[in-house]
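This is start-v7.cif. It holds mmCIF, C-alpha atoms and all ligand atoms.
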```
data_coords
#
loop_
_atom_site.label_atom_id
_atom_site.label_comp_id
_atom_site.auth_asym_id
_atom_site.auth_seq_id
_atom_site.Cartn_x
_atom_site.Cartn_y
_atom_site.Cartn_z
CA MET H 1 -12.52 0.31 11.09
CA PRO H 2 -11.47 0.50 14.76
CA ASP H 3 -7.82 1.27 15.52
CA GLN H 4 -5.98 -2.00 16.07
CA LEU H 5 -2.99 -0.52 17.94
CA SER H 6 -3.74 -2.29 21.22
CA LYS H 7 -3.66 -5.68 19.43
CA ILE H 8 -0.19 -5.16 17.93
CA ASN H 9 2.61 -7.16 19.53
CA LEU H 10 5.26 -4.48 19.94
CA ASP H 11 8.00 -7.13 20.20
CA HIS H 12 7.30 -8.32 16.65
CA VAL H 13 6.92 -5.16 14.67
CA PRO H 14 8.65 -5.38 11.25
CA GLN H 15 11.91 -3.46 11.42
CA HIS H 16 11.58 -2.39 7.78
CA ILE H 17 8.33 -1.60 5.95
CA ALA H 18 8.32 -0.67 2.26
CA ILE H 19 5.33 1.06 0.69
CA ILE H 20 4.19 1.56 -2.89
CA MET H 21 2.12 4.71 -2.42
CA ASP H 22 -0.54 4.47 -5.10
CA GLY H 23 -3.90 6.05 -5.88
CA ASN H 24 -3.24 9.77 -5.43
CA GLY H 25 -4.63 10.49 -8.90
CA ARG H 26 -7.76 8.37 -8.48
CA TRP H 27 -8.39 9.83 -5.02
CA ALA H 28 -8.35 13.33 -6.53
CA LYS H 29 -10.48 12.33 -9.53
CA GLN H 30 -13.12 10.82 -7.24
CA LYS H 31 -13.38 14.18 -5.54
CA GLY H 32 -13.37 16.15 -8.80
CA MET H 33 -10.00 17.71 -7.94
CA PRO H 34 -6.82 18.05 -10.05
CA ARG H 35 -4.31 15.19 -9.66
CA LEU H 36 -1.80 17.47 -7.97
CA LEU H 37 -4.14 17.86 -5.00
CA GLY H 38 -4.03 14.08 -4.68
CA HIS H 39 -0.25 14.21 -4.46
CA ARG H 40 -0.45 17.06 -1.95
CA SER H 41 -2.80 15.02 0.23
CA GLY H 42 -0.39 12.13 -0.23
CA VAL H 43 2.27 14.17 1.55
CA LYS H 44 0.00 14.27 4.62
CA SER H 45 -0.10 10.49 4.58
CA VAL H 46 3.70 10.36 4.30
CA ARG H 47 3.92 12.48 7.44
CA GLU H 48 1.33 10.51 9.40
CA VAL H 49 2.65 7.08 8.39
CA THR H 50 6.26 8.06 9.19
CA GLU H 51 5.23 9.23 12.66
CA ALA H 52 3.07 6.15 13.23
CA ALA H 53 5.88 3.83 12.14
CA ALA H 54 8.37 5.56 14.44
CA GLU H 55 5.93 5.42 17.38
CA ILE H 56 5.71 1.65 17.29
CA GLY H 57 9.40 0.97 16.73
CA VAL H 58 9.75 0.45 12.96
CA LYS H 59 13.37 1.31 12.15
CA TYR H 60 13.21 1.73 8.34
CA LEU H 61 10.38 2.98 6.14
CA THR H 62 10.99 2.97 2.38
CA LEU H 63 8.54 4.90 0.21
CA TYR H 64 8.30 4.59 -3.57
CA ALA H 65 7.98 8.30 -4.32
CA PHE H 66 9.00 8.42 -8.01
CA SER H 67 9.82 5.53 -10.30
CA THR H 68 12.02 5.59 -13.37
CA GLU H 69 8.82 4.97 -15.37
CA ASN H 70 7.10 8.05 -13.84
CA TRP H 71 9.12 10.31 -16.21
CA ASN H 72 6.64 9.24 -18.89
CA ARG H 73 3.77 11.07 -17.15
CA PRO H 74 2.59 14.41 -18.61
CA PRO H 75 5.48 16.89 -18.22
CA ALA H 76 3.36 19.24 -16.10
CA GLU H 77 2.69 16.47 -13.56
CA VAL H 78 6.38 15.50 -13.45
CA THR H 79 7.37 19.13 -12.82
CA ALA H 80 4.68 19.50 -10.17
CA LEU H 81 5.84 16.32 -8.40
CA MET H 82 9.48 17.48 -8.42
CA THR H 83 8.44 20.88 -7.04
CA LEU H 84 6.32 19.20 -4.38
CA LEU H 85 9.28 17.08 -3.36
CA VAL H 86 11.55 20.11 -2.97
CA GLU H 87 8.88 21.99 -0.99
CA THR H 88 8.15 18.98 1.21
CA ILE H 89 11.76 18.10 1.99
CA LYS H 90 12.68 21.73 2.76
CA GLY H 91 9.53 22.23 4.81
CA GLU H 92 9.89 19.04 6.82
CA ILE H 93 13.56 19.15 7.88
CA ARG H 94 12.74 20.81 11.22
CA ASP H 95 10.08 18.24 12.06
CA LEU H 96 12.27 15.38 10.86
CA ASN H 97 14.92 16.51 13.31
CA LYS H 98 12.37 17.04 16.09
CA ASN H 99 11.13 13.47 15.58
CA LYS H 100 14.67 12.11 15.09
CA VAL H 101 13.95 10.87 11.57
CA ARG H 102 16.96 10.25 9.34
CA LEU H 103 16.34 10.84 5.63
CA GLN H 104 17.99 8.67 2.99
CA ALA H 105 17.37 8.05 -0.70
CA ILE H 106 17.74 5.19 -3.16
CA GLY H 107 17.62 5.42 -6.93
CA ASP H 108 19.41 7.34 -9.66
CA ILE H 109 19.20 10.54 -7.67
CA GLU H 110 21.99 12.34 -9.51
CA ALA H 111 19.76 12.36 -12.58
CA LEU H 112 17.00 14.29 -10.74
CA PRO H 113 16.47 17.98 -11.56
CA ALA H 114 19.16 20.05 -9.81
CA ALA H 115 16.79 21.67 -7.29
CA THR H 116 15.31 18.32 -6.25
CA TYR H 117 18.76 16.77 -5.95
CA LYS H 118 20.00 19.65 -3.83
CA ALA H 119 16.99 19.65 -1.49
CA LEU H 120 17.38 15.92 -1.06
CA MET H 121 21.12 16.05 -0.35
CA ASP H 122 20.58 18.92 2.14
CA GLY H 123 17.83 16.91 3.85
CA ILE H 124 20.05 13.82 4.06
CA GLU H 125 22.98 15.83 5.42
CA GLN H 126 20.90 17.73 7.99
CA THR H 127 19.23 14.62 9.40
CA LYS H 128 22.16 12.22 9.25
CA ASN H 129 22.59 11.95 13.02
CA ASN H 130 18.96 11.00 13.76
CA ASP H 131 18.45 7.44 14.91
CA ARG H 132 14.79 6.82 15.72
CA ILE H 133 13.71 5.79 12.23
CA THR H 134 15.23 6.01 8.74
CA LEU H 135 12.91 7.27 6.03
CA VAL H 136 14.21 6.05 2.67
CA LEU H 137 12.76 7.81 -0.37
CA ALA H 138 12.94 5.78 -3.57
CA LEU H 139 13.37 8.48 -6.21
CA ASN H 140 14.06 7.89 -9.87
CA TYR H 141 14.25 4.30 -8.68
CA SER H 142 13.63 1.02 -10.44
CA ALA H 143 14.74 -2.39 -9.21
CA LYS H 144 15.99 -3.46 -12.65
CA TRP H 145 18.14 -0.29 -12.83
CA GLU H 146 19.52 -1.09 -9.37
CA ILE H 147 20.28 -4.74 -10.19
CA LEU H 148 21.98 -3.80 -13.48
CA ARG H 149 24.06 -1.17 -11.72
CA ALA H 150 25.12 -3.67 -9.06
CA THR H 151 26.05 -6.18 -11.76
CA ARG H 152 28.19 -3.59 -13.53
CA LEU H 153 29.94 -2.60 -10.29
CA ILE H 154 30.74 -6.24 -9.56
CA ALA H 155 31.89 -6.90 -13.14
CA GLU H 156 34.25 -3.90 -12.90
CA GLN H 157 35.75 -5.32 -9.72
CA ALA H 158 36.21 -8.69 -11.44
CA GLN H 159 37.77 -7.03 -14.51
CA LYS H 160 40.28 -5.28 -12.28
CA GLY H 161 41.14 -8.64 -10.74
CA LEU H 162 39.81 -7.60 -7.32
CA LEU H 163 37.14 -10.31 -7.24
CA LYS H 164 36.86 -13.86 -8.59
CA ALA H 165 33.57 -14.98 -10.17
CA GLU H 166 33.29 -17.87 -7.71
CA ASP H 167 33.60 -15.46 -4.77
CA ILE H 168 30.47 -13.51 -5.74
CA SER H 169 28.01 -14.20 -2.93
CA GLU H 170 24.68 -12.80 -1.78
CA SER H 171 26.56 -10.41 0.43
CA THR H 172 28.80 -9.22 -2.46
CA PHE H 173 25.63 -8.48 -4.38
CA GLU H 174 23.89 -6.80 -1.45
CA SER H 175 26.79 -4.46 -0.90
CA ALA H 176 26.51 -3.30 -4.52
CA LEU H 177 22.80 -2.43 -4.18
CA SER H 178 21.66 1.08 -3.25
CA THR H 179 20.05 -0.39 -0.10
CA HIS H 180 23.36 -1.69 1.29
CA GLY H 181 23.37 -1.49 5.08
CA ILE H 182 19.56 -1.50 5.23
CA PRO H 183 17.88 -4.77 6.29
CA ASP H 184 15.42 -6.29 3.81
CA PRO H 185 11.78 -5.25 4.34
CA GLU H 186 9.66 -7.84 6.12
CA LEU H 187 6.46 -6.17 4.95
CA LEU H 188 5.61 -4.57 1.60
CA ILE H 189 2.39 -2.56 1.37
CA ARG H 190 0.72 -1.35 -1.83
CA THR H 191 -2.30 0.92 -1.66
CA SER H 192 -5.12 1.55 -4.16
CA GLY H 193 -6.11 -2.02 -4.98
CA GLU H 194 -3.35 -2.72 -7.53
CA THR H 195 -1.59 -6.03 -6.92
CA ARG H 196 1.71 -5.46 -8.73
CA ILE H 197 5.29 -4.89 -7.56
CA SER H 198 6.04 -2.40 -10.38
CA ASN H 199 9.82 -2.75 -10.42
CA PHE H 200 10.25 -2.00 -6.69
CA LEU H 201 12.96 -3.65 -4.53
CA LEU H 202 12.88 -6.93 -6.46
CA TRP H 203 15.96 -8.39 -4.76
CA GLN H 204 15.12 -7.13 -1.26
CA ILE H 205 11.53 -8.42 -1.07
CA ALA H 206 12.47 -12.07 -1.70
CA TYR H 207 10.88 -13.04 1.64
CA ALA H 208 8.69 -10.02 2.38
CA GLU H 209 5.03 -10.45 3.27
CA LEU H 210 2.91 -8.61 0.70
CA TYR H 211 -0.11 -6.58 1.82
CA PHE H 212 -2.48 -5.04 -0.69
CA THR H 213 -5.22 -2.67 0.39
CA PRO H 214 -7.91 -0.95 -1.71
CA VAL H 215 -7.43 2.30 0.26
CA PHE H 216 -6.00 5.15 -1.85
CA TRP H 217 -2.71 6.55 -0.52
CA PRO H 218 -4.16 9.92 0.68
CA ASP H 219 -6.59 7.94 2.88
CA PHE H 220 -3.85 5.68 4.29
CA GLY H 221 -2.83 6.83 7.74
CA ARG H 222 -1.97 5.65 11.23
CA LYS H 223 -4.99 3.35 11.59
CA GLU H 224 -4.41 1.72 8.20
CA LEU H 225 -0.73 1.16 9.04
CA HIS H 226 -1.71 -0.52 12.31
CA GLU H 227 -4.15 -2.75 10.40
CA ALA H 228 -1.40 -3.77 7.94
CA ILE H 229 1.01 -4.62 10.76
CA LEU H 230 -1.62 -6.65 12.56
CA ASN H 231 -2.34 -8.55 9.37
CA TYR H 232 1.43 -9.21 9.02
CA GLN H 233 1.61 -10.47 12.61
CA ARG H 234 -1.18 -12.97 11.99
CA ARG H 235 0.88 -14.67 9.27
CA GLU H 236 3.41 -17.40 9.80
CA ARG H 237 6.76 -16.65 8.21
CA ARG H 238 8.39 -19.97 7.29
CA PHE H 239 11.35 -19.02 5.01
CA GLY H 240 11.04 -22.37 3.20
CA LEU H 241 10.84 -24.43 6.43
CA THR H 242 7.89 -26.50 7.64
CA SER H 243 5.31 -25.21 10.09
CA GLU H 244 6.70 -27.51 12.80
CA GLN H 245 10.24 -26.20 12.31
CA VAL H 246 9.27 -22.59 12.88
CA SER H 247 6.86 -23.10 15.79
C1 LIG D 301 1.03 7.34 -6.94
O1 LIG D 301 -0.25 7.83 -7.22
C2 LIG D 301 1.89 8.37 -6.38
C3 LIG D 301 3.04 8.85 -6.93
C4 LIG D 301 3.61 8.40 -8.22
C5 LIG D 301 3.80 9.91 -6.29
C6 LIG D 301 3.92 9.82 -4.80
C7 LIG D 301 4.26 11.14 -4.28
C8 LIG D 301 3.79 11.68 -3.14
C9 LIG D 301 2.92 11.02 -2.17
C10 LIG D 301 4.16 13.08 -2.82
C11 LIG D 301 5.58 13.35 -2.47
C12 LIG D 301 6.21 12.34 -1.60
C13 LIG D 301 7.15 12.54 -0.67
C14 LIG D 301 7.86 11.36 -0.14
C15 LIG D 301 7.49 13.85 -0.10
P1 LIG D 301 -0.72 7.88 -8.74
O2 LIG D 301 -0.46 9.25 -9.26
O3 LIG D 301 -0.06 6.78 -9.49
O4 LIG D 301 -2.26 7.61 -8.60
P2 LIG D 301 -3.21 6.92 -9.68
O5 LIG D 301 -2.67 5.54 -9.91
O6 LIG D 301 -4.53 6.91 -9.00
O7 LIG D 301 -3.18 7.78 -10.89
#
```

Show this structure as C-alpha cells.
Amino acid sequence: MPDQLSKINLDHVPQHIAIIMDGNGRWAKQKGMPRLLGHRSGVKSVREVTEAAAEIGVKYLTLYAFSTENWNRPPAEVTALMTLLVETIKGEIRDLNKNKVRLQAIGDIEALPAATYKALMDGIEQTKNNDRITLVLALNYSAKWEILRATRLIAEQAQKGLLKAEDISESTFESALSTHGIPDPELLIRTSGETRISNFLLWQIAYAELYFTPVFWPDFGRKELHEAILNYQRRERRFGLTSEQVS
C-alpha cells in the first residue's frame, strides 16, 4: 500500500479521531509469540499513530486502552497490561513533552491499581501545558458506565433543586460526561477486522464516520492512519441533510 499522505486535504483533517486498538493477541499468536509481546508491539503503534496524527493537525486522539470488560481476562494478562501502562506512561513523558502532547484519561480511573493511577495522574500533570495534540487514554472505560454516571450526576443536581427536568439539554448531558470539553470524534477506527463498537463512546460517536480495517493494531502505523483519513475524506458527511444541502 503506497503512503497516501500527499492526497490528504490538510484543511479537512478530522480534529478528533478515536481508535479501538484491537488484534494485539492475534498478531502475537500468528507469530507464535506470547500475547504480551503483541501488547508491547501495540505500544509502538500508539507512539507512531500519535506522532502521525499530530503531524497532520489532528487535535484529539482517543485510544481505547482498557475496557471495563477487560478485567475478565486472565489475571496474568491484566497485571501485565497494567504494568505495561505504567512503564509506557513513565517512559514516554519526556517524548510527550518534546512533541507537545497533552495526556488525558477517561474512564473510572480511580478504580485502577494504585501504581497505574499514580503514573497516569503524574503523566497528566506533567503534560498539562502541551497544546499540539491531546492524547486521551480510555482506561477502565465503558460508555454505559459513563452514561449512567452522567445520569446520576444530573439526577443529583435535580434532587438538590439546582436543575429542572425540562432544562436538561444535550449540553447539560455533555458536561456530565468524562469527555466534557473534548469535541466529538468525526472518525472512529477499529483494527483487526471486528466490526463492533464494544461499549466505546456511544454518545460521542452519534455522527462519527466508522472505519474498520483488517490490519491488527501492532501493524497499524502512519501509513494506515493516512489511508483511514483519506477514506474519511472521500465520504460525504450529511448530518441528516440532503446531498444538495451540504454541497
Ligand atoms: C486489544 O488487543 C488491545 C488491548 C485490550 C490493549 C491495548 C493496549 C496497548 C496497545 C498497550 C498499552 C497502551 C497504551 C495506550 C500505552 P486484544 O488483546 O484484544 O487482541 P485479540 O483480540 O487479538 O486477542

- Between H:Leu63, H:Leu139, H:Leu241, H:Ile189, single out the one closest to Ala228 of chain H, counting only C-alpha atoms. H:Ile189

- For Glu69 of chain H, which residue among H:Ile17, H:Val246, H:Ala143, H:Ile56 is the nearest when counting all atoms listed in the file?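 Closest to Glu69 of chain H of all the choices is H:Ala143.
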
- Message: Please return as a list in words the residues found within 6 Å of ligand LIG 301 (chain D), counting all atoms listed in the file.
- Response: Met21, Asp22, Gly23, Asn24, Gly25, Arg26, His39, Gly42, Val43, Ala65, Phe66, Leu85 and Thr88 of chain H

- Message: List as a PyMOL selection string the protein and nucleic acid residues near Lys128 of chain H, meaning an atom at most 9 Å away when all atoms listed in the file are counted, but skip any in the same chain fewer than 6 places from it.
- Response: chain H and resi 101-104

- Write out as number ranges by chain which residues come within 12 Å of segment 70-82 of chain H when counting all atoms listed in the file, dropping same-chain ones fewer than 6 positions away. H: 24-25, 34-40, 42-43, 64, 88-89, 109, 111-120, 139-142, 198-199

Neighbour list for segment 175-181 of chain H as a CSV table (one decimal) with C-alpha atoms, in the frame of the given file, cut-off 10 Å, all atoms listed in the file, skip fewer than 5 positions in-chain:
```
chain,number,residue,atom,x,y,z
H,62,THR,CA,11.0,3.0,2.4
H,104,GLN,CA,18.0,8.7,3.0
H,105,ALA,CA,17.4,8.0,-0.7
H,106,ILE,CA,17.7,5.2,-3.2
H,107,GLY,CA,17.6,5.4,-6.9
H,108,ASP,CA,19.4,7.3,-9.7
H,136,VAL,CA,14.2,6.0,2.7
H,138,ALA,CA,12.9,5.8,-3.6
H,141,TYR,CA,14.2,4.3,-8.7
H,143,ALA,CA,14.7,-2.4,-9.2
H,146,GLU,CA,19.5,-1.1,-9.4
H,147,ILE,CA,20.3,-4.7,-10.2
H,148,LEU,CA,22.0,-3.8,-13.5
H,149,ARG,CA,24.1,-1.2,-11.7
H,150,ALA,CA,25.1,-3.7,-9.1
H,151,THR,CA,26.0,-6.2,-11.8
H,152,ARG,CA,28.2,-3.6,-13.5
H,153,LEU,CA,29.9,-2.6,-10.3
H,154,ILE,CA,30.7,-6.2,-9.6
H,170,GLU,CA,24.7,-12.8,-1.8
H,201,LEU,CA,13.0,-3.6,-4.5
H,203,TRP,CA,16.0,-8.4,-4.8
H,204,GLN,CA,15.1,-7.1,-1.3
```

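Considering only C-alpha atoms, the residue among H:Thr242, H:Ile133, H:Lys31, H:Lys164 positioned nearest to Ala52 of chain H is H:Ile133.
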
- Message: Applying 10 Å and all atoms listed in the file, which residues near Val58 of chain H remain after dropping the ones on its own chain fewer than 2 positions away? List them as a list in words.
- Response: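 Close residues of Val58 of chain H: Leu10, His12, Val13, Pro14, Gln15, His16, Ile17, Thr50, Glu51, Ala52, Ala53, Ala54, Glu55, Ile56, Tyr60, Leu61, Arg132, Ile133 and Thr134 of chain H.
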
- Could you tell me how far atom CA of Ile93 of chain H lies from atom CA of Asp219 of chain H, in Å and to one decimal?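 Computing it gives 23.6 Å between the two atoms.
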
- Message: Which residues are near Ile229 of chain H? Cut-off 9 Å, only C-alpha atoms, ignore same chain within fewer than 4 positions. Put them as a count of residues only.
- Response: 8

- Query: Around (-7.7, 1.8, 15.5) in the file's frame, which residues reach within 10 Å when counting only C-alpha atoms? Return as a PyMOL selection string?
  - Reply: chain H and resi 1-7+222-227

- Task: Select, from H:Lys100, H:Arg238, H:Lys144, H:Arg190, the residue with the minimum atom-to-atom distance to Val215 of chain H, counting all atoms listed in the file.
- Result: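 Residue with the minimum atom-to-atom distance to Val215 of chain H: H:Arg190.
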